[in-house]
Protein chains: 2
Amino acid sequence: MVIEGAALALQENPNLRFLLHGDEKQIIPLLKKHPSLECAAQLLHTPDAIKSDEKPSVALRQGRNSSMRLAINAAARGNSQGVVSAGNTGAYMAMAKIFLKMIDGIDRPAIVGSFPTLRKPCIMLDLGANVACDEKHLTQFAIMGKSYAQEILGVKKPSIGLLNVGEEEQKGNVAVQGAAQIFKKAKSTFNFYGFVEGDDIMKGTVDVIVTDGFTGNVALKTIEGVVHFIMTILKDVFKSSIFAKVGYLLSMHAFKKMATSINPKKHNGAMLIGLKGIAIKSHGGADAVAFASAIKTAAQFVSHDLNKKIEKNLEQLKKDLKK
Amino acid sequence: MVIEGAALALQENPNLRFLLHGDEKQIIPLLKKHPSLECAAQLLHTPDAIKSDEKPSVALRQGRNSSMRLAINAAARGNSQGVVSAGNTGAYMAMAKIFLKMIDGIDRPAIVGSFPTLRKPCIMLDLGANVACDEKHLTQFAIMGKSYAQEILGVKKPSIGLLNVGEEEQKGNVAVQGAAQIFKKAKSTFNFYGFVEGDDIMKGTVDVIVTDGFTGNVALKTIEGVVHFIMTILKDVFKSSIFAKVGYLLSMHAFKKMATSINPKKHNGAMLIGLKGIAIKSHGGADAVAFASAIKTAAQFVSHDLNKKIEKNLEQLKKDLKK
């Protein structure tokens, strides 16, 4: 699906060029089917690959010649402008952190993604990179989220919400309580809305939702689960009577459009934000269409200077907190 | 909506009797509209009420004559067999913990609820009572969840999953890692499935999902948010063309049935589990139908001896961990 996805992405954007890292025995036969991709791609052979259940520490030690590591190295050396992988998330993050390096002032990469809502898109982070976060990490996520909304979505003063179990001031754990104090103090840096709850994600209450990677990952996968649940039930509903069947046939076009708009695969390609380079993580279960969308995401980031915005916002935060 | 809800619940179950705590000036005119409820209810007047934004500590000190406190007292004294409230959750929990008292071996009440899934119902706890939990709390939640599935849902050996950011053994934070060790050790107490993810909630992968109250609350409200989002989009979809409109009219009956089955209001009435008495928390924004469903939930618990099951399972856990 990586090769098929690259071919699809190239069809849409003929300016793309690819460095393909992997086993030539597997890749060459696949490339033969896509002559234009063959022209636009350079194959860098390695038989080694990181297994999906490999521990990040083991991957770091033993994965020196793995396709993942070589792809990250290529980006670190400037041979490519970004990396896309559907492989082991933990290993990918660990390698990206060490070899692409962190932006000064950011401690850990976070996974950021964009969600469709009833209003404008909402971006949320961290979606699973960091299971334990304190107020300092949440503050860095807020800076990165704000920069993302400004640079990529073009929102001038993004509103920022902290995901919590209630909107009232006294609610929550130590980390969100501490972060809320910092967000309130840094008035010229943050357009802080306050605490938001799980149902605010798809209401579109704010532009950016900040949360720890444990809660964010559970929320992300819960959304995928509910979408799958409702779609499955709806299919049964439309089969439940002859009227419903005819009804489905008549509304099918509109219905499929809706299903596509909320299909998590169409939103594939979450960014590891906070790194000096561009690293995109595709869902492990992605098909060619979904992987092409991850490649498109990477290309989109190349045309923006997100990191410059992050550095600028970090500077402002420093000044703001000194006041 | 409390009086309307009680009247609805009584219509369905004429054996119910009510102690209504609150302001007679407000309640008497409403009761006049429901003669059969007037017969089945006793009004205990108090003008005091806990505000929705009152801090639990303040509610405890100053709320001695509040309707909430008096309703809990009545249950504690055996004048009623259970309490139902749609009021301030924090105050309700604090009062219930002190005046209804905890089951020996359980430190804190948890909020437990049942979710529709693609298979059998899944129960999950904690849904928001405890924002910070360690492995000991998660173990107590697992005991209570197991007992709930056995006693209320009739599942003999409920499978138990721990909500996490991945299924792999090394994933997660200190609390879920520690709890997983205990669940594995206590083999005769727990039918431990392993880690589950957000999308497993509505897949119905396990009978019981255990999580801390922060994550559980975000997951619960995220589900409500996605349901609301998809329903809103679907309504637009069905208006988008003349075909879709006719299609909706034909499939409306089946569609509404589906909407009802996933409507969070129909699942209103979460239990505060771990208390010696029965305390049901209704959603603050409940309407009469939803409040009636919370009353039905309370009545259902009266006919079961959930606490005996919890005590038995706690005993077994003790033996199991001594081995």
# chains A, B, ... in the order shown; residues from 1 in each chain; ligands from 1

$ residues_around --residues "Tyr148 of chain B" --least-positions-apart "2" --cutoff "10 Å" --atoms "only C-alpha atoms" --output "PyMOL selection string"
chain B and resi 112-114+123+142-146+150-155+158+208+273+301+304-307+309-310

$ interface_residues --of "chain B" --to "chain A" --cutoff "8 Å" --atoms "only C-alpha atoms" --output "PyMOL selection string"
chain B and resi 53+117-118+128+131-132+163-165+168+172-173+197-203+214-215+217-227+229+233-234+237-238+240-241+243-255+258

$ residues_around --residues "Lys101 of chain A" --least-positions-apart "6" --cutoff "8 Å" --atoms "only C-alpha atoms" --output "PyMOL selection string"
chain A and resi 275-277

$ residues_around --residues "His34 of chain B" --least-positions-apart "2" --cutoff "10 Å" --atoms "only C-alpha atoms" --output "ChimeraX atom specification"
/B:3-4,6-8,29-32,36-39

$ write_last_selection --atoms "N, CA and C atoms" --output "PDB file, in the first residue's frame"
ATOM      1  N   ILE B   3     -40.363  16.097  38.644  1.00  0.00           N
ATOM      2  CA  ILE B   3     -41.736  15.670  38.915  1.00  0.00           C
ATOM      3  C   ILE B   3     -42.326  14.970  37.694  1.00  0.00           C
ATOM      4  N   GLU B   4     -42.120  15.557  36.518  1.00  0.00           N
ATOM      5  CA  GLU B   4     -42.613  14.929  35.284  1.00  0.00           C
ATOM      6  C   GLU B   4     -41.980  13.547  35.112  1.00  0.00           C
ATOM      7  N   ALA B   6     -40.775  11.578  37.500  1.00  0.00           N
ATOM      8  CA  ALA B   6     -41.310  10.654  38.510  1.00  0.00           C
ATOM      9  C   ALA B   6     -42.687  10.153  38.076  1.00  0.00           C
ATOM     10  N   ALA B   7     -43.507  11.067  37.522  1.00  0.00           N
ATOM     11  CA  ALA B   7     -44.847  10.679  37.060  1.00  0.00           C
ATOM     12  C   ALA B   7     -44.749   9.637  35.944  1.00  0.00           C
ATOM     13  N   LEU B   8     -43.823   9.853  35.021  1.00  0.00           N
ATOM     14  CA  LEU B   8     -43.607   8.891  33.923  1.00  0.00           C
ATOM     15  C   LEU B   8     -43.161   7.537  34.452  1.00  0.00           C
ATOM     16  N   PRO B  29     -47.596  22.887  43.146  1.00  0.00           N
ATOM     17  CA  PRO B  29     -48.344  23.153  41.897  1.00  0.00           C
ATOM     18  C   PRO B  29     -48.078  22.093  40.822  1.00  0.00           C
ATOM     19  N   LEU B  30     -46.831  21.596  40.766  1.00  0.00           N
ATOM     20  CA  LEU B  30     -46.491  20.584  39.761  1.00  0.00           C
ATOM     21  C   LEU B  30     -47.167  19.248  40.082  1.00  0.00           C
ATOM     22  N   LEU B  31     -47.206  18.912  41.372  1.00  0.00           N
ATOM     23  CA  LEU B  31     -47.814  17.644  41.798  1.00  0.00           C
ATOM     24  C   LEU B  31     -49.308  17.600  41.481  1.00  0.00           C
ATOM     25  N   LYS B  32     -49.953  18.765  41.574  1.00  0.00           N
ATOM     26  CA  LYS B  32     -51.403  18.851  41.321  1.00  0.00           C
ATOM     27  C   LYS B  32     -51.763  18.287  39.939  1.00  0.00           C
ATOM     28  N   SER B  36     -51.973  10.696  40.543  1.00  0.00           N
ATOM     29  CA  SER B  36     -51.481   9.390  40.997  1.00  0.00           C
ATOM     30  C   SER B  36     -50.099   9.511  41.638  1.00  0.00           C
ATOM     31  N   LEU B  37     -49.280  10.435  41.127  1.00  0.00           N
ATOM     32  CA  LEU B  37     -47.975  10.666  41.759  1.00  0.00           C
ATOM     33  C   LEU B  37     -48.177  11.289  43.136  1.00  0.00           C
ATOM     34  N   GLU B  38     -49.155  12.182  43.244  1.00  0.00           N
ATOM     35  CA  GLU B  38     -49.435  12.832  44.525  1.00  0.00           C
ATOM     36  C   GLU B  38     -49.743  11.774  45.595  1.00  0.00           C
ATOM     37  N   CYS B  39     -50.457  10.711  45.180  1.00  0.00           N
ATOM     38  CA  CYS B  39     -50.777   9.619  46.100  1.00  0.00           C
ATOM     39  C   CYS B  39     -49.549   8.811  46.469  1.00  0.00           C
TER      40      CYS B  39
END

$ residues_around --residues "segment 288-290 of chain B" --least-positions-apart "4" --cutoff "10 Å" --atoms "only C-alpha atoms" --output "compact mmCIF listing (two decimals) with N, CA, C and O atoms, in the first residue's frame"
# COMPACT_ATOMS: atom_id res chain seq x y z
N MET B 1 -38.66 18.89 35.59
CA MET B 1 -38.49 17.60 34.91
C MET B 1 -38.37 16.45 35.92
O MET B 1 -38.65 15.31 35.59
N VAL B 2 -38.04 16.80 37.18
CA VAL B 2 -37.99 15.75 38.22
C VAL B 2 -39.39 15.21 38.47
O VAL B 2 -39.61 13.98 38.48
N ILE B 3 -40.36 16.10 38.64
CA ILE B 3 -41.74 15.67 38.92
C ILE B 3 -42.33 14.97 37.69
O ILE B 3 -42.92 13.89 37.81
N GLU B 4 -42.12 15.56 36.52
CA GLU B 4 -42.61 14.93 35.28
C GLU B 4 -41.98 13.55 35.11
O GLU B 4 -42.65 12.59 34.71
N GLY B 5 -40.70 13.45 35.41
CA GLY B 5 -39.98 12.18 35.29
C GLY B 5 -40.52 11.15 36.26
O GLY B 5 -40.71 9.98 35.91
N ALA B 6 -40.77 11.58 37.50
CA ALA B 6 -41.31 10.65 38.51
C ALA B 6 -42.69 10.15 38.08
O ALA B 6 -43.01 8.96 38.22
N ALA B 7 -43.51 11.07 37.52
CA ALA B 7 -44.85 10.68 37.06
C ALA B 7 -44.75 9.64 35.94
O ALA B 7 -45.48 8.64 35.94
N LEU B 8 -43.82 9.85 35.02
CA LEU B 8 -43.61 8.89 33.92
C LEU B 8 -43.16 7.54 34.45
O LEU B 8 -43.65 6.48 34.03
N ALA B 9 -42.21 7.56 35.39
CA ALA B 9 -41.67 6.31 35.95
C ALA B 9 -42.78 5.55 36.68
O ALA B 9 -42.87 4.32 36.59
N PRO B 264 -27.90 9.13 24.04
CA PRO B 264 -27.37 9.03 25.39
C PRO B 264 -28.44 9.24 26.47
O PRO B 264 -28.34 8.70 27.55
N LYS B 265 -29.48 10.02 26.14
CA LYS B 265 -30.51 10.30 27.14
C LYS B 265 -31.27 9.05 27.55
O LYS B 265 -31.81 8.96 28.65
N LYS B 266 -31.38 8.09 26.63
CA LYS B 266 -32.07 6.84 26.94
C LYS B 266 -31.25 5.99 27.90
O LYS B 266 -31.74 5.02 28.45
N HIS B 267 -29.96 6.32 28.01
CA HIS B 267 -29.11 5.54 28.90
C HIS B 267 -28.81 6.36 30.15
O HIS B 267 -27.78 6.18 30.78
N ASN B 268 -29.69 7.27 30.50
CA ASN B 268 -29.46 8.16 31.63
C ASN B 268 -29.54 7.39 32.95
O ASN B 268 -30.27 6.43 33.08
N GLY B 269 -28.77 7.85 33.93
CA GLY B 269 -28.80 7.24 35.25
C GLY B 269 -27.57 6.41 35.49
O GLY B 269 -27.57 5.20 35.37
N SER B 282 -28.32 11.39 37.76
CA SER B 282 -28.89 11.69 36.45
C SER B 282 -28.08 12.81 35.81
O SER B 282 -27.51 13.66 36.50
N HIS B 283 -27.99 12.81 34.51
CA HIS B 283 -27.38 13.89 33.73
C HIS B 283 -28.04 15.21 34.15
O HIS B 283 -29.26 15.26 34.33
N ALA B 294 -33.53 7.36 34.81
CA ALA B 294 -32.65 7.30 35.98
C ALA B 294 -33.39 6.66 37.17
O ALA B 294 -32.80 5.89 37.94
N ILE B 295 -34.68 6.99 37.33
CA ILE B 295 -35.48 6.40 38.41
C ILE B 295 -35.62 4.89 38.20
O ILE B 295 -35.47 4.09 39.13
N LYS B 296 -35.87 4.51 36.93
CA LYS B 296 -35.96 3.08 36.60
C LYS B 296 -34.66 2.36 36.95
O LYS B 296 -34.68 1.24 37.46

$ closest_residue --among "B:Asp207, B:Tyr193, B:Gly82, B:Arg69" --to "Arg119 of chain B" --atoms "only C-alpha atoms"
B:Asp207

$ select_by_dssp --residues "segment 142-221 of chain A" --states "helix (DSSP H, G or I)" --output "PyMOL selection string"
chain A and resi 142-151+174-185+200-203+213-221

$ write_last_selection --atoms "C-alpha atoms" --output "PDB file, in the first residue's frame"
ATOM      1  CA  ALA A 142      -0.399  24.681  23.431  1.00  0.00           C
ATOM      2  CA  ILE A 143       2.407  26.647  21.759  1.00  0.00           C
ATOM      3  CA  MET A 144       2.721  24.031  19.013  1.00  0.00           C
ATOM      4  CA  GLY A 145      -1.050  23.770  18.583  1.00  0.00           C
ATOM      5  CA  LYS A 146      -1.398  27.536  18.333  1.00  0.00           C
ATOM      6  CA  SER A 147       1.404  27.680  15.747  1.00  0.00           C
ATOM      7  CA  TYR A 148      -0.224  24.865  13.730  1.00  0.00           C
ATOM      8  CA  ALA A 149      -3.603  26.631  13.681  1.00  0.00           C
ATOM      9  CA  GLN A 150      -1.950  29.899  12.625  1.00  0.00           C
ATOM     10  CA  GLU A 151       0.421  28.562   9.985  1.00  0.00           C
ATOM     11  CA  VAL A 174      -2.723  18.675  38.832  1.00  0.00           C
ATOM     12  CA  ALA A 175      -1.435  18.962  35.249  1.00  0.00           C
ATOM     13  CA  VAL A 176      -4.484  20.717  33.760  1.00  0.00           C
ATOM     14  CA  GLN A 177      -4.868  22.927  36.848  1.00  0.00           C
ATOM     15  CA  GLY A 178      -1.228  24.016  36.548  1.00  0.00           C
ATOM     16  CA  ALA A 179      -1.425  24.534  32.794  1.00  0.00           C
ATOM     17  CA  ALA A 180      -4.582  26.653  33.153  1.00  0.00           C
ATOM     18  CA  GLN A 181      -2.699  28.991  35.510  1.00  0.00           C
ATOM     19  CA  ILE A 182       0.132  29.399  32.970  1.00  0.00           C
ATOM     20  CA  PHE A 183      -2.303  29.953  30.052  1.00  0.00           C
ATOM     21  CA  LYS A 184      -4.125  32.632  32.051  1.00  0.00           C
ATOM     22  CA  LYS A 185      -0.891  34.351  33.031  1.00  0.00           C
ATOM     23  CA  ASP A 200     -16.477  19.910  22.596  1.00  0.00           C
ATOM     24  CA  ILE A 201     -14.043  18.163  20.211  1.00  0.00           C
ATOM     25  CA  MET A 202     -16.595  17.701  17.426  1.00  0.00           C
ATOM     26  CA  LYS A 203     -18.735  20.682  18.388  1.00  0.00           C
ATOM     27  CA  GLY A 213      -1.164  11.750  25.100  1.00  0.00           C
ATOM     28  CA  PHE A 214      -3.035   9.161  27.147  1.00  0.00           C
ATOM     29  CA  THR A 215      -6.368  10.995  27.146  1.00  0.00           C
ATOM     30  CA  GLY A 216      -5.854  12.286  23.595  1.00  0.00           C
ATOM     31  CA  ASN A 217      -5.203   8.813  22.224  1.00  0.00           C
ATOM     32  CA  VAL A 218      -8.248   7.353  23.970  1.00  0.00           C
ATOM     33  CA  ALA A 219     -10.409  10.235  22.659  1.00  0.00           C
ATOM     34  CA  LEU A 220      -9.084   9.764  19.081  1.00  0.00           C
ATOM     35  CA  LYS A 221      -9.753   6.025  19.068  1.00  0.00           C
TER      36      LYS A 221
END

$ select_by_dssp --residues "segment 119-279 of chain B" --states "strand (DSSP E or B)" --output "list in words"
Cys122, Ile123, Met124, Leu125, Ser159, Ile160, Gly161, Leu162, Leu163, Asn191, Phe192, Tyr193, Gly194, Phe195, Val196, Val208, Ile209, Val210, Ala270, Met271, Leu272, Ile273, Leu275 and Ala279 of chain B

$ closest_residue --among "B:Leu321, B:Met271, B:Ile160, B:Ile111" --to "Gln300 of chain B" --atoms "only C-alpha atoms"
B:Met271
